[in-house]
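A.B. asks: Structure: structure.txt, compact mmCIF, C-alpha atoms and all ligand atoms.
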```txt
# COMPACT_ATOMS: atom_id res chain seq x y z
CA MET D 7 -27.54 -29.62 8.16
CA SER D 8 -24.83 -31.78 9.70
CA VAL D 9 -21.60 -29.76 9.84
CA ARG D 10 -19.75 -33.00 10.54
CA GLU D 11 -21.03 -34.45 7.28
CA LEU D 12 -20.00 -31.30 5.32
CA ILE D 13 -16.49 -31.48 6.79
CA ALA D 14 -16.22 -35.20 5.91
CA ARG D 15 -17.42 -34.59 2.33
CA LYS D 16 -14.94 -31.77 1.76
CA ARG D 17 -12.17 -33.81 3.39
CA ASP D 18 -12.89 -36.59 0.88
CA GLY D 19 -12.76 -34.20 -2.09
CA GLY D 20 -16.53 -33.77 -2.59
CA GLU D 21 -18.51 -30.60 -3.33
CA LEU D 22 -20.80 -28.57 -1.07
CA SER D 23 -24.04 -27.17 -2.49
CA SER D 24 -24.89 -23.44 -2.56
CA ASP D 25 -27.53 -24.02 0.10
CA GLU D 26 -25.10 -25.88 2.38
CA ILE D 27 -22.45 -23.16 2.09
CA GLY D 28 -25.00 -20.39 2.71
CA LYS D 29 -26.41 -22.09 5.80
CA LEU D 30 -22.98 -22.99 7.17
CA ILE D 31 -21.64 -19.43 6.97
CA GLU D 32 -24.84 -17.97 8.38
CA ALA D 33 -24.71 -20.44 11.30
CA TYR D 34 -21.01 -19.76 11.95
CA ALA D 35 -21.46 -15.98 11.85
CA SER D 36 -24.28 -16.24 14.38
CA GLY D 37 -22.28 -18.44 16.74
CA ARG D 38 -24.12 -21.72 16.09
CA VAL D 39 -21.12 -23.53 14.63
CA ALA D 40 -18.04 -24.05 16.80
CA ASP D 41 -14.61 -22.68 15.81
CA SER D 42 -13.27 -26.25 15.96
CA GLN D 43 -15.65 -27.38 13.23
CA MET D 44 -15.04 -24.33 11.05
CA ALA D 45 -11.28 -24.80 11.49
CA ALA D 46 -11.58 -28.41 10.30
CA LEU D 47 -13.59 -27.31 7.28
CA LEU D 48 -11.07 -24.59 6.42
CA MET D 49 -8.26 -27.14 6.54
CA ALA D 50 -10.25 -29.47 4.27
CA VAL D 51 -10.71 -26.55 1.82
CA ALA D 52 -7.02 -25.64 2.02
CA LEU D 53 -6.08 -29.24 1.16
CA ARG D 54 -8.85 -30.11 -1.34
CA GLY D 55 -9.68 -26.72 -2.87
CA MET D 56 -13.09 -25.51 -4.03
CA THR D 57 -14.76 -25.33 -7.42
CA ALA D 58 -15.39 -21.88 -8.94
CA ARG D 59 -19.06 -22.26 -8.05
CA GLU D 60 -18.32 -23.17 -4.42
CA THR D 61 -15.85 -20.26 -4.13
CA ALA D 62 -18.45 -17.80 -5.43
CA ASP D 63 -21.07 -19.23 -3.05
CA LEU D 64 -18.69 -18.87 -0.11
CA THR D 65 -18.02 -15.25 -1.12
CA LEU D 66 -21.71 -14.36 -1.40
CA ALA D 67 -22.49 -16.06 1.90
CA MET D 68 -19.79 -13.98 3.60
CA VAL D 69 -21.15 -10.78 2.01
CA ALA D 70 -24.63 -11.68 3.32
CA SER D 71 -23.25 -11.82 6.90
CA GLY D 72 -23.07 -8.02 7.12
CA GLU D 73 -23.96 -4.62 5.76
CA ARG D 74 -23.76 -3.85 2.00
CA LEU D 75 -23.46 -0.37 0.58
CA ASP D 76 -25.94 0.71 -2.05
CA LEU D 77 -24.19 3.09 -4.43
CA SER D 78 -26.86 2.91 -7.13
CA ALA D 79 -27.96 6.53 -6.56
CA ILE D 80 -24.51 7.77 -7.64
CA PRO D 81 -24.52 8.32 -11.41
CA GLY D 82 -21.95 6.62 -13.64
CA THR D 83 -20.01 3.37 -13.43
CA LYS D 84 -18.31 3.22 -10.04
CA VAL D 85 -14.90 1.57 -10.24
CA ASP D 86 -13.04 0.08 -7.27
CA LYS D 87 -9.38 -0.95 -7.18
CA HIS D 88 -7.63 -3.52 -5.03
CA SER D 89 -4.07 -4.69 -4.56
CA THR D 90 -3.24 -8.04 -2.99
CA GLY D 91 -0.43 -6.19 -1.19
CA GLY D 92 3.15 -5.34 -1.88
CA VAL D 93 6.08 -3.39 -0.49
CA GLY D 94 6.04 0.31 -1.40
CA ASP D 95 2.66 -0.08 -3.11
CA LYS D 96 1.09 3.38 -2.82
CA THR D 97 -0.81 3.16 -6.13
CA THR D 98 -4.25 3.66 -4.51
CA LEU D 99 -3.17 7.08 -3.22
CA VAL D 100 -2.31 8.03 -6.80
CA VAL D 101 -4.93 6.38 -8.98
CA ALA D 102 -8.01 6.88 -6.79
CA PRO D 103 -7.91 10.72 -6.94
CA LEU D 104 -6.55 10.75 -10.48
CA VAL D 105 -9.26 8.49 -11.94
CA ALA D 106 -11.90 10.49 -10.04
CA ALA D 107 -10.43 13.70 -11.49
CA LEU D 108 -10.90 12.15 -14.93
CA GLY D 109 -14.62 11.60 -14.31
CA VAL D 110 -14.97 8.04 -12.93
CA PRO D 111 -16.26 7.71 -9.33
CA VAL D 112 -13.96 5.66 -7.07
CA PRO D 113 -15.48 4.28 -3.83
CA LYS D 114 -12.52 2.72 -2.04
CA MET D 115 -12.40 0.83 1.22
CA SER D 116 -8.88 -0.13 2.19
CA GLY D 117 -7.02 -2.11 4.81
CA ARG D 118 -4.16 -1.64 7.23
CA ALA D 119 -0.67 -3.15 7.13
CA LEU D 120 -0.62 -6.95 6.91
CA GLY D 121 2.60 -8.89 7.51
CA HIS D 122 5.46 -7.28 5.59
CA THR D 123 3.14 -5.15 3.41
CA GLY D 124 1.89 -1.65 4.22
CA GLY D 125 -1.76 -0.55 4.28
CA THR D 126 -3.34 2.41 2.50
CA ILE D 127 -5.26 3.43 5.63
CA ASP D 128 -2.06 3.75 7.69
CA LYS D 129 -0.45 5.86 4.95
CA LEU D 130 -3.45 8.15 4.61
CA GLU D 131 -3.69 8.58 8.38
CA ALA D 132 -0.19 10.11 8.34
CA ILE D 133 -2.09 13.28 7.33
CA PRO D 134 -2.94 15.13 10.60
CA GLY D 135 -6.66 15.22 11.34
CA LEU D 136 -7.70 12.96 8.49
CA THR D 137 -10.33 10.37 9.30
CA THR D 138 -10.83 7.09 7.50
CA GLU D 139 -13.65 6.00 9.84
CA MET D 140 -16.72 6.99 7.87
CA SER D 141 -20.38 6.04 8.20
CA PRO D 142 -21.91 4.48 5.07
CA GLU D 143 -23.93 7.69 4.55
CA ARG D 144 -20.87 9.91 4.73
CA PHE D 145 -18.89 7.59 2.43
CA ARG D 146 -21.71 7.52 -0.14
CA SER D 147 -22.28 11.27 -0.09
CA GLN D 148 -18.55 12.02 -0.41
CA VAL D 149 -18.29 9.76 -3.49
CA ALA D 150 -21.41 11.44 -4.92
CA GLU D 151 -20.08 14.95 -4.27
CA ILE D 152 -16.39 14.78 -5.12
CA GLY D 153 -16.06 11.40 -6.86
CA VAL D 154 -13.73 9.69 -4.40
CA ALA D 155 -13.49 8.48 -0.80
CA ILE D 156 -10.90 6.21 0.80
CA ALA D 157 -12.19 4.74 4.05
CA ALA D 158 -11.44 1.87 6.41
CA GLN D 159 -13.78 -1.09 6.22
CA THR D 160 -16.50 -0.76 8.89
CA ASP D 161 -17.00 -3.49 11.51
CA ASP D 162 -20.49 -4.14 10.15
CA MET D 163 -19.22 -5.16 6.71
CA VAL D 164 -18.47 -8.84 6.09
CA PRO D 165 -18.14 -9.85 9.77
CA ALA D 166 -17.89 -13.51 8.67
CA ASP D 167 -14.60 -12.68 6.92
CA LYS D 168 -13.17 -11.20 10.11
CA GLN D 169 -14.07 -14.34 12.08
CA ILE D 170 -12.85 -16.72 9.39
CA TYR D 171 -9.66 -14.74 8.77
CA ALA D 172 -8.73 -14.94 12.46
CA LEU D 173 -9.31 -18.69 12.38
CA ARG D 174 -7.25 -19.07 9.19
CA ASP D 175 -4.43 -17.17 10.80
CA ALA D 176 -4.46 -19.56 13.79
CA THR D 177 -4.76 -22.73 11.69
CA ALA D 178 -2.23 -22.18 8.88
CA THR D 179 -4.96 -21.93 6.26
CA VAL D 180 -4.31 -18.38 5.06
CA ASP D 181 -2.55 -19.29 1.82
CA SER D 182 -5.40 -21.12 0.10
CA VAL D 183 -6.54 -19.67 -3.24
CA PRO D 184 -10.34 -20.08 -2.69
CA LEU D 185 -10.05 -18.70 0.84
CA ILE D 186 -7.98 -15.66 -0.22
CA ALA D 187 -10.16 -15.01 -3.27
CA SER D 188 -13.43 -15.21 -1.30
CA SER D 189 -12.01 -13.05 1.51
CA VAL D 190 -10.85 -10.28 -0.85
CA MET D 191 -13.89 -10.37 -3.14
CA SER D 192 -16.44 -10.46 -0.29
CA LYS D 193 -15.14 -7.07 0.85
CA LYS D 194 -15.16 -5.70 -2.69
CA LEU D 195 -18.73 -6.90 -3.35
CA ALA D 196 -19.97 -5.43 -0.05
CA VAL D 197 -18.74 -1.98 -1.10
CA GLY D 198 -20.92 -2.25 -4.19
CA ALA D 199 -18.86 -0.77 -7.06
CA ASP D 200 -19.91 -1.81 -10.57
CA ALA D 201 -16.43 -2.74 -11.75
CA ILE D 202 -13.19 -3.71 -10.03
CA VAL D 203 -9.54 -3.63 -11.10
CA ILE D 204 -7.42 -6.01 -9.05
CA ASP D 205 -3.64 -5.83 -8.93
CA VAL D 206 -2.49 -9.36 -8.12
CA LYS D 207 1.13 -9.15 -7.09
CA ALA D 208 3.57 -11.98 -7.68
CA GLY D 209 7.10 -12.45 -6.36
CA GLY D 210 9.22 -12.32 -3.25
CA GLY D 211 7.57 -9.17 -1.90
CA ALA D 212 4.00 -10.45 -2.44
CA PHE D 213 1.72 -13.02 -0.81
CA MET D 214 1.72 -15.04 -4.06
CA PRO D 215 5.35 -16.15 -4.53
CA ASP D 216 5.22 -16.92 -8.27
CA LEU D 217 3.37 -16.04 -11.46
CA GLN D 218 1.51 -19.34 -11.60
CA SER D 219 -0.08 -18.99 -8.15
CA ALA D 220 -0.84 -15.31 -8.85
CA HIS D 221 -2.58 -16.34 -12.07
CA GLU D 222 -4.64 -18.94 -10.21
CA LEU D 223 -5.72 -16.33 -7.64
CA ALA D 224 -6.53 -13.82 -10.39
CA ARG D 225 -8.69 -16.38 -12.21
CA ALA D 226 -10.56 -17.24 -8.98
CA MET D 227 -11.30 -13.57 -8.21
CA VAL D 228 -12.41 -12.77 -11.76
CA ASP D 229 -14.72 -15.81 -11.74
CA ILE D 230 -16.32 -14.67 -8.47
CA GLY D 231 -16.87 -11.20 -9.98
CA ARG D 232 -18.44 -12.64 -13.13
CA ARG D 233 -20.82 -14.83 -11.14
CA ALA D 234 -21.77 -11.78 -9.03
CA GLY D 235 -22.51 -9.71 -12.15
CA LYS D 236 -19.49 -7.38 -11.86
CA GLN D 237 -16.90 -6.46 -14.44
CA VAL D 238 -13.52 -7.48 -13.07
CA VAL D 239 -10.04 -7.14 -14.56
CA ALA D 240 -7.10 -8.71 -12.72
CA LEU D 241 -3.61 -7.52 -13.61
CA ILE D 242 -0.73 -9.75 -12.58
CA THR D 243 2.24 -7.55 -11.71
CA ARG D 244 5.73 -8.34 -10.50
CA MET D 245 6.65 -7.57 -6.89
CA ASP D 246 10.24 -8.62 -6.33
CA ASP D 247 11.76 -5.18 -5.68
CA PRO D 248 9.90 -2.51 -3.70
CA LEU D 249 7.62 -0.35 -5.86
CA GLY D 250 8.98 3.18 -6.28
CA THR D 251 11.67 4.49 -3.95
CA ALA D 252 9.76 4.97 -0.68
CA VAL D 253 8.63 2.37 1.87
CA GLY D 254 6.83 3.41 5.09
CA ASP D 255 3.69 5.43 5.72
CA GLY D 256 5.03 9.02 5.61
CA PRO D 257 7.65 8.43 2.90
CA GLU D 258 5.07 6.66 0.72
CA LEU D 259 2.53 9.44 1.14
CA ILE D 260 5.19 11.94 0.08
CA GLU D 261 6.03 9.84 -2.98
CA ALA D 262 2.35 9.47 -3.91
CA VAL D 263 1.84 13.25 -3.85
CA GLN D 264 5.03 13.77 -5.88
CA THR D 265 3.78 11.19 -8.41
CA LEU D 266 0.42 12.95 -8.70
CA GLY D 267 2.41 16.12 -9.33
CA GLY D 268 4.22 14.52 -12.29
CA ALA D 269 7.48 13.70 -10.48
CA GLY D 270 7.12 9.99 -9.63
CA PRO D 271 9.67 7.18 -10.09
CA ALA D 272 9.40 5.29 -13.39
CA ASP D 273 8.10 1.92 -12.12
CA LEU D 274 5.41 3.50 -9.95
CA VAL D 275 4.32 5.83 -12.74
CA GLU D 276 4.12 2.92 -15.18
CA LEU D 277 1.98 0.82 -12.84
CA CYS D 278 -0.33 3.76 -12.07
CA GLU D 279 -0.77 4.36 -15.80
CA ILE D 280 -1.68 0.71 -16.39
CA LEU D 281 -4.09 0.47 -13.43
CA GLY D 282 -5.64 3.87 -14.11
CA GLY D 283 -6.01 3.05 -17.81
CA HIS D 284 -8.05 -0.06 -17.00
CA MET D 285 -10.13 1.84 -14.43
CA LEU D 286 -10.98 4.57 -16.95
CA SER D 287 -11.83 1.98 -19.58
CA LEU D 288 -14.17 0.05 -17.24
CA GLY D 289 -15.70 3.34 -16.10
CA GLY D 290 -16.49 4.36 -19.68
CA ALA D 291 -14.15 7.38 -19.69
CA ALA D 292 -11.76 5.80 -22.19
CA ALA D 293 -12.34 3.74 -25.33
CA ASN D 294 -10.00 0.97 -24.13
CA PRO D 295 -7.20 0.42 -21.57
CA ASP D 296 -4.53 1.84 -23.90
CA ASP D 297 -6.54 4.98 -24.49
CA GLY D 298 -7.09 5.16 -20.72
CA ARG D 299 -3.38 4.79 -20.12
CA GLU D 300 -2.66 7.70 -22.44
CA ARG D 301 -5.21 9.85 -20.59
CA VAL D 302 -3.61 8.95 -17.25
CA ARG D 303 -0.14 9.73 -18.62
CA ARG D 304 -1.23 13.20 -19.70
CA ALA D 305 -3.10 13.84 -16.46
CA LEU D 306 -0.10 12.82 -14.35
CA ALA D 307 2.23 15.05 -16.35
CA ALA D 308 -0.21 17.93 -15.84
CA GLY D 309 -0.59 17.23 -12.11
CA ALA D 310 -4.37 16.90 -12.58
CA GLY D 311 -4.93 14.59 -9.60
CA VAL D 312 -3.44 16.88 -6.95
CA ALA D 313 -6.53 19.12 -6.76
CA LYS D 314 -8.74 16.03 -6.34
CA LEU D 315 -6.52 14.70 -3.55
CA ARG D 316 -6.76 18.11 -1.85
CA GLU D 317 -10.56 17.93 -2.09
CA MET D 318 -10.58 14.44 -0.61
CA VAL D 319 -8.28 15.39 2.26
CA VAL D 320 -10.48 18.41 3.10
CA ALA D 321 -13.65 16.28 2.93
CA GLN D 322 -12.09 13.74 5.33
CA GLY D 323 -10.98 16.41 7.80
CA GLY D 324 -7.24 16.32 7.08
CA ARG D 325 -4.72 19.20 7.01
CA VAL D 326 -4.56 20.19 3.37
CA GLU D 327 -1.11 21.75 3.92
CA THR D 328 0.22 18.17 3.94
CA VAL D 329 -0.70 17.84 0.26
CA ASP D 330 0.91 21.20 -0.53
CA ASN D 331 4.10 20.42 1.39
CA PRO D 332 4.22 16.65 2.04
CA GLU D 333 7.96 16.65 2.80
CA ALA D 334 7.14 18.30 6.15
CA LEU D 335 5.78 14.91 7.29
CA THR D 336 9.25 13.46 7.76
CA ALA D 337 11.27 16.69 8.09
CA LYS D 338 12.02 16.02 11.78
CA ALA D 339 12.92 12.33 11.41
CA GLN D 340 16.43 11.08 12.04
CA ARG D 341 18.13 9.68 8.94
CA VAL D 342 20.83 7.04 8.57
CA ALA D 343 22.43 6.67 5.13
CA VAL D 344 23.49 3.12 4.22
CA GLN D 345 26.51 2.47 2.02
CA ALA D 346 26.93 -0.57 -0.23
CA ALA D 347 29.30 -3.33 0.86
CA ARG D 348 30.99 -2.91 -2.51
CA ASP D 349 30.68 -0.96 -5.77
CA GLY D 350 28.90 -2.58 -8.70
CA CYS D 351 25.39 -2.88 -10.06
CA VAL D 352 22.26 -3.51 -7.96
CA ALA D 353 21.03 -6.89 -9.23
CA ALA D 354 17.96 -7.13 -6.95
CA ILE D 355 16.44 -5.65 -3.79
CA ASP D 356 14.63 -8.04 -1.47
CA ALA D 357 11.28 -6.29 -1.00
CA ARG D 358 10.14 -8.61 1.80
CA SER D 359 13.22 -7.82 3.94
CA ILE D 360 12.66 -4.10 3.48
CA GLY D 361 8.96 -4.44 4.33
CA LEU D 362 9.84 -6.36 7.51
CA LEU D 363 12.50 -3.80 8.44
CA VAL D 364 9.96 -0.96 8.21
CA ARG D 365 7.41 -3.00 10.18
CA ASP D 366 10.01 -3.58 12.94
CA LEU D 367 10.96 0.11 13.02
CA LYS D 368 7.26 1.02 13.41
CA ALA D 369 6.88 -1.46 16.26
CA GLU D 370 9.50 0.49 18.27
CA ALA D 371 8.51 3.97 17.14
CA GLY D 372 5.83 5.17 19.56
CA GLU D 373 3.41 7.78 18.28
CA ARG D 374 5.25 9.12 15.24
CA LYS D 375 5.18 5.79 13.36
CA TRP D 376 4.58 7.54 10.04
CA GLU D 377 8.16 8.86 10.16
CA CYS D 378 9.57 5.33 9.87
CA GLY D 379 10.69 4.15 6.51
CA VAL D 380 13.30 3.48 3.90
CA VAL D 381 14.07 5.69 0.93
CA LEU D 382 15.98 3.92 -1.83
CA HIS D 383 18.58 5.91 -3.72
CA LYS D 384 19.43 2.97 -5.95
CA LYS D 385 17.03 0.57 -7.68
CA ALA D 386 17.73 -2.72 -9.44
CA GLY D 387 19.83 -2.01 -12.53
CA ASP D 388 21.51 1.11 -11.07
CA PHE D 389 25.30 1.32 -10.73
CA VAL D 390 26.88 2.22 -7.37
CA ARG D 391 30.22 3.99 -7.08
CA GLY D 392 30.52 5.03 -3.47
CA GLU D 393 27.06 6.63 -3.20
CA PRO D 394 24.60 5.49 -0.48
CA LEU D 395 22.14 2.74 -1.38
CA ALA D 396 19.31 3.99 0.78
CA THR D 397 18.39 6.02 3.85
CA VAL D 398 16.59 4.68 6.92
CA LEU D 399 14.14 7.10 8.58
CA ALA D 400 12.90 6.91 12.17
CA PRO D 401 11.47 9.32 14.78
CA LYS D 402 14.09 11.43 16.62
CA GLU D 403 12.98 10.12 20.03
CA MET D 404 13.79 6.55 19.08
CA ASP D 405 17.23 5.11 19.79
CA PRO D 406 19.20 5.45 16.58
CA PRO D 407 18.38 2.31 14.55
CA ARG D 408 21.89 2.47 13.09
CA GLU D 409 23.36 -1.01 13.69
CA TRP D 410 20.58 -3.50 13.00
CA ALA D 411 18.77 -1.39 10.41
CA THR D 412 21.96 -0.71 8.47
CA ALA D 413 22.92 -4.38 8.44
CA ARG D 414 19.46 -5.54 7.40
CA LEU D 415 19.08 -2.90 4.73
CA ARG D 416 22.49 -3.63 3.23
CA GLY D 417 21.65 -7.36 3.30
CA ALA D 418 18.53 -6.70 1.21
CA PHE D 419 20.63 -5.46 -1.73
CA ARG D 420 22.17 -8.08 -4.04
CA MET D 421 25.11 -6.64 -5.94
CA ALA D 422 26.53 -7.87 -9.26
CA ASP D 423 29.08 -6.72 -11.80
CA SER D 424 26.64 -6.06 -14.63
CA ALA D 425 23.03 -4.90 -15.02
CA PRO D 426 20.39 -7.67 -14.83
CA ALA D 427 17.64 -8.08 -17.45
CA ARG D 428 14.49 -6.34 -16.17
CA PRO D 429 11.19 -8.06 -17.07
CA ASP D 430 8.08 -5.91 -17.64
CA ILE D 431 6.14 -5.05 -14.51
CA LEU D 432 2.90 -6.34 -16.08
CA ALA D 433 3.05 -10.14 -16.34
CA GLY D 434 -0.53 -10.96 -17.38
CA ILE D 435 -4.17 -9.86 -17.54
CA VAL D 436 -7.24 -11.95 -16.62
CA THR D 437 -10.69 -10.61 -17.50
CA THR D 438 -14.30 -11.74 -17.16
N1 LIG D 501 -6.19 -10.09 2.10
C1 LIG D 501 -7.47 -10.37 2.45
O1 LIG D 501 -8.31 -9.50 2.57
N2 LIG D 501 -7.77 -11.68 2.67
C2 LIG D 501 -6.89 -12.67 2.53
O2 LIG D 501 -7.25 -13.81 2.72
C3 LIG D 501 -5.57 -12.34 2.16
C4 LIG D 501 -5.25 -11.03 1.95
```
Output the structure of this file as structure tokens.
C.D. replies:
Amino acid sequence: MSVRELIARKRDGGELSSDEIGKLIEAYASGRVADSQMAALLMAVALRGMTARETADLTLAMVASGERLDLSAIPGTKVDKHSTGGVGDKTTLVVAPLVAALGVPVPKMSGRALGHTGGTIDKLEAIPGLTTEMSPERFRSQVAEIGVAIAAQTDDMVPADKQIYALRDATATVDSVPLIASSVMSKKLAVGADAIVIDVKAGGGAFMPDLQSAHELARAMVDIGRRAGKQVVALITRMDDPLGTAVGDGPELIEAVQTLGGAGPADLVELCEILGGHMLSLGGAAANPDDGRERVRRALAAGAGVAKLREMVVAQGGRVETVDNPEALTAKAQRVAVQAARDGCVAAIDARSIGLLVRDLKAEAGERKWECGVVLHKKAGDFVRGEPLATVLAPKEMDPPREWATARLRGAFRMADSAPARPDILAGIVTT
């Protein structure tokens, strides 16, 4: 195989065969292809794209570079869930225990914060003592015993993705649909669930800026799943404003527990119902997604997922008191209330700015990073008459983040005289 010839062919808009892609990734993962050549190939892919067949081959070659979990001994249809990342997106912390409580096993490997978006693992690790570093055996047996585990990806899984992702980051080739789709799906396929629900976020607070690019990514991921013999449903959801009212690890964990207890904000509850409904339907615990959604709605109102979250926290070594009294997580944090520049109606909240603000607070926070965050008191469509828009939270030991945080938070709110039209959170569905 001449890597030079493969680069030239892709540069000129040609196709690579399954065998060529398999050998190339294997050679790169074992150090026999230089970063410079792989970087050139990635740029050619970013500019020329890949066919659905090439994208699936790339995904499977990356999966083959590392360890795969075998979950076949666990009875039932195992359903995984993935979000392409948004601001305030704590849906995994709600739907994973809830769907497990309703009888569908959920094996979930999650990531850490990326750019302006938070990561489920960071949020979960706000619980004292809780571990997300689990051996494959422990992960498997926890899913078999209690129906749910949320763990960090191990270093042995999809090492080719780690290498390629680092190279993409350094070569401005991150935002390529085949490269994102293969990166996400390789990690999903390595975990080995039977079915996957993917929340593809679109808008200013997401990696995909508009509905069209989100749709393209959704189609690419569903096609990979189909070719790999998995059932995949991709939901395209809007991510312009932050999801829910809490952003930041501790505040989001608190809001997730409140939502499981039946007291969540409307947009978060709606999205959890939609995602959970599809998960139950794929897992065979509901006749269809609408039926699943109704089951989730009733279970949320009854607080049915809280007991399952408690079980999961105990199994992963965490202090269960945090689930019983989550507000204690940020009880010692300093708080700065932010007033609006003027009265009126909140037309929009720039999710990306709020995500970046929380990231910057965490960077200065020292050990108690989970205390950093923003709690919104007003959402898009709400009227403001002298009340605060939001509160910034930070650890007590940190210098008060008053000036810069207040200015940036206020700048993230766009005010108007009348309420804007609010489109539905669900903008499309792509299935196998
Ligand atoms: N998340 C991933 O895992 N990979 C990407 O390429 C982008 C987001």
A.B. asks: Between CA of Val112 (chain D) and CA of Ala155 (chain D), what distance in Å does the model show, to one decimal?
C.D. replies: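 CA of Val112 (chain D) sits 6.9 Å away from CA of Ala155 (chain D).
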A.B. asks: Provide the CA of Glu393 (chain D) to CA of Asp430 (chain D) distance in Å, to one decimal place.
C.D. replies: 26.9 Å
A.B. asks: Between CA of Leu48 (chain D) and CA of Glu73 (chain D), what is the distance in Å, rounded to a tenth?
C.D. replies: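 Calculated distance between CA of Leu48 (chain D) and CA of Glu73 (chain D) is 23.8 Å.
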A.B. asks: Taking only C-alpha atoms into account, which of D:Asp216, D:Glu60, D:Glu258, D:Asp246 comes nearest Lys16 (chain D)?
C.D. replies: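 Among the listed residues, D:Glu60 lies closest to Lys16 (chain D).
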A.B. asks: Which residues are near region 217-227 of chain D? Cut-off 6 Å, only C-alpha atoms, ignore same chain within fewer than 5 positions. Put them as a list in words.
C.D. replies: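 Listing them by chain and then by number gives Val183, Ala187, Ala208 and Ala240 of chain D.
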A.B. asks: Can you build me a table of chain D residues sitting at most 7 Å from ligand LIG 501 (chain D), with the closest atom pair per residue and its distance in Å to one decimal, using all atoms listed in the file, sorted by chain and residue number, as JSON lines?
C.D. replies:
```
{"residue": "D:Thr90", "atom": "CA", "partner": "D:LIG501", "partner_atom": "C4", "distance": 6.1}
{"residue": "D:Tyr171", "atom": "CA", "partner": "D:LIG501", "partner_atom": "O2", "distance": 6.6}
{"residue": "D:Val180", "atom": "CA", "partner": "D:LIG501", "partner_atom": "O2", "distance": 5.9}
{"residue": "D:Leu185", "atom": "CA", "partner": "D:LIG501", "partner_atom": "O2", "distance": 5.9}
{"residue": "D:Ile186", "atom": "CA", "partner": "D:LIG501", "partner_atom": "O2", "distance": 3.5}
{"residue": "D:Ala187", "atom": "CA", "partner": "D:LIG501", "partner_atom": "O2", "distance": 6.8}
{"residue": "D:Ser189", "atom": "CA", "partner": "D:LIG501", "partner_atom": "N2", "distance": 4.6}
{"residue": "D:Val190", "atom": "CA", "partner": "D:LIG501", "partner_atom": "O1", "distance": 4.3}
```
A.B. asks: Counting all atoms listed in the file, write as a PyMOL selection string all protein and nucleic acid residues lying at most 12 Å from (-10.4, 2.3, -1.6) in the file's frame.
C.D. replies: chain D and resi 84-89+96-103+106+111-118+125-127+130+138+145+149+153-159+193-194+197-199+202-204
A.B. asks: Can you list, as a count of residues only, every protein, DNA or RNA residue that comes within 8 Å of Arg414 (chain D) when you count only C-alpha atoms, leaving out same-chain residues fewer than 3 positions away?
C.D. replies: 7
A.B. asks: Of the candidates D:Ala400, D:Ala413, D:Ala305, D:Met7, which one gets nearest to Arg341 (chain D) if we count only C-alpha atoms?
C.D. replies: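 Once distances to Arg341 (chain D) are computed over only C-alpha atoms, the minimum belongs to D:Ala400.
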A.B. asks: List as a PyMOL selection string: which residues have an atom within 12 Å of (-25.1, -21.4, 12.8), counting all atoms listed in the file?
C.D. replies: chain D and resi 7-9+26-41+43-44+71+166
A.B. asks: Using only C-alpha atoms, which of D:Leu266, D:Met56, D:Leu104, D:Leu259 sits nearest Thr328 (chain D)?
C.D. replies: D:Leu259
A.B. asks: Between D:Met68, D:Leu136, D:Val342, D:Val239, which one has atoms that come closest to Val329 (chain D), using only C-alpha atoms?
C.D. replies: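 With only C-alpha atoms as the atom set, the closest residue is D:Leu136.
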A.B. asks: Give the answer as one residue: which of D:Thr336, D:Thr265, D:Thr412, D:Gln345 has the shortest atom-to-atom distance to Trp376 (chain D), using all atoms listed in the file?
C.D. replies: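 Closest candidate: D:Thr336.
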A.B. asks: Need to verify the contact set: Met49 (chain D), 8 Å, all atoms listed in the file, exclusion of same-chain residues closer than 4 positions in sequence. Can you return it as a PyMOL selection string?
C.D. replies: chain D and resi 45+53+177+179
A.B. asks: I need the residue nearest Gly361 (chain D) from this list: D:Ala346, D:Val380, D:Met214, D:Ala307. Use only C-alpha atoms for the distance.
C.D. replies: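 Smallest separation from Gly361 (chain D) among the options: D:Val380.
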A.B. asks: Excluding same-chain residues fewer than 2 positions from region 286-293 of chain D, what lies within 8 Å of it counting only C-alpha atoms, as a ChimeraX atom specification?
C.D. replies: /D:82-85,105,108-110,201,237,282-284,295,297-298,301
A.B. asks: Any chance you can output those residues with C-alpha atoms as a CSV table (one decimal), keeping the file's coordinate frame?
C.D. replies:
```
chain,number,residue,atom,x,y,z
D,82,GLY,CA,-22.0,6.6,-13.6
D,83,THR,CA,-20.0,3.4,-13.4
D,84,LYS,CA,-18.3,3.2,-10.0
D,85,VAL,CA,-14.9,1.6,-10.2
D,105,VAL,CA,-9.3,8.5,-11.9
D,108,LEU,CA,-10.9,12.2,-14.9
D,109,GLY,CA,-14.6,11.6,-14.3
D,110,VAL,CA,-15.0,8.0,-12.9
D,201,ALA,CA,-16.4,-2.7,-11.8
D,237,GLN,CA,-16.9,-6.5,-14.4
D,282,GLY,CA,-5.6,3.9,-14.1
D,283,GLY,CA,-6.0,3.0,-17.8
D,284,HIS,CA,-8.0,-0.1,-17.0
D,295,PRO,CA,-7.2,0.4,-21.6
D,297,ASP,CA,-6.5,5.0,-24.5
D,298,GLY,CA,-7.1,5.2,-20.7
D,301,ARG,CA,-5.2,9.8,-20.6
```
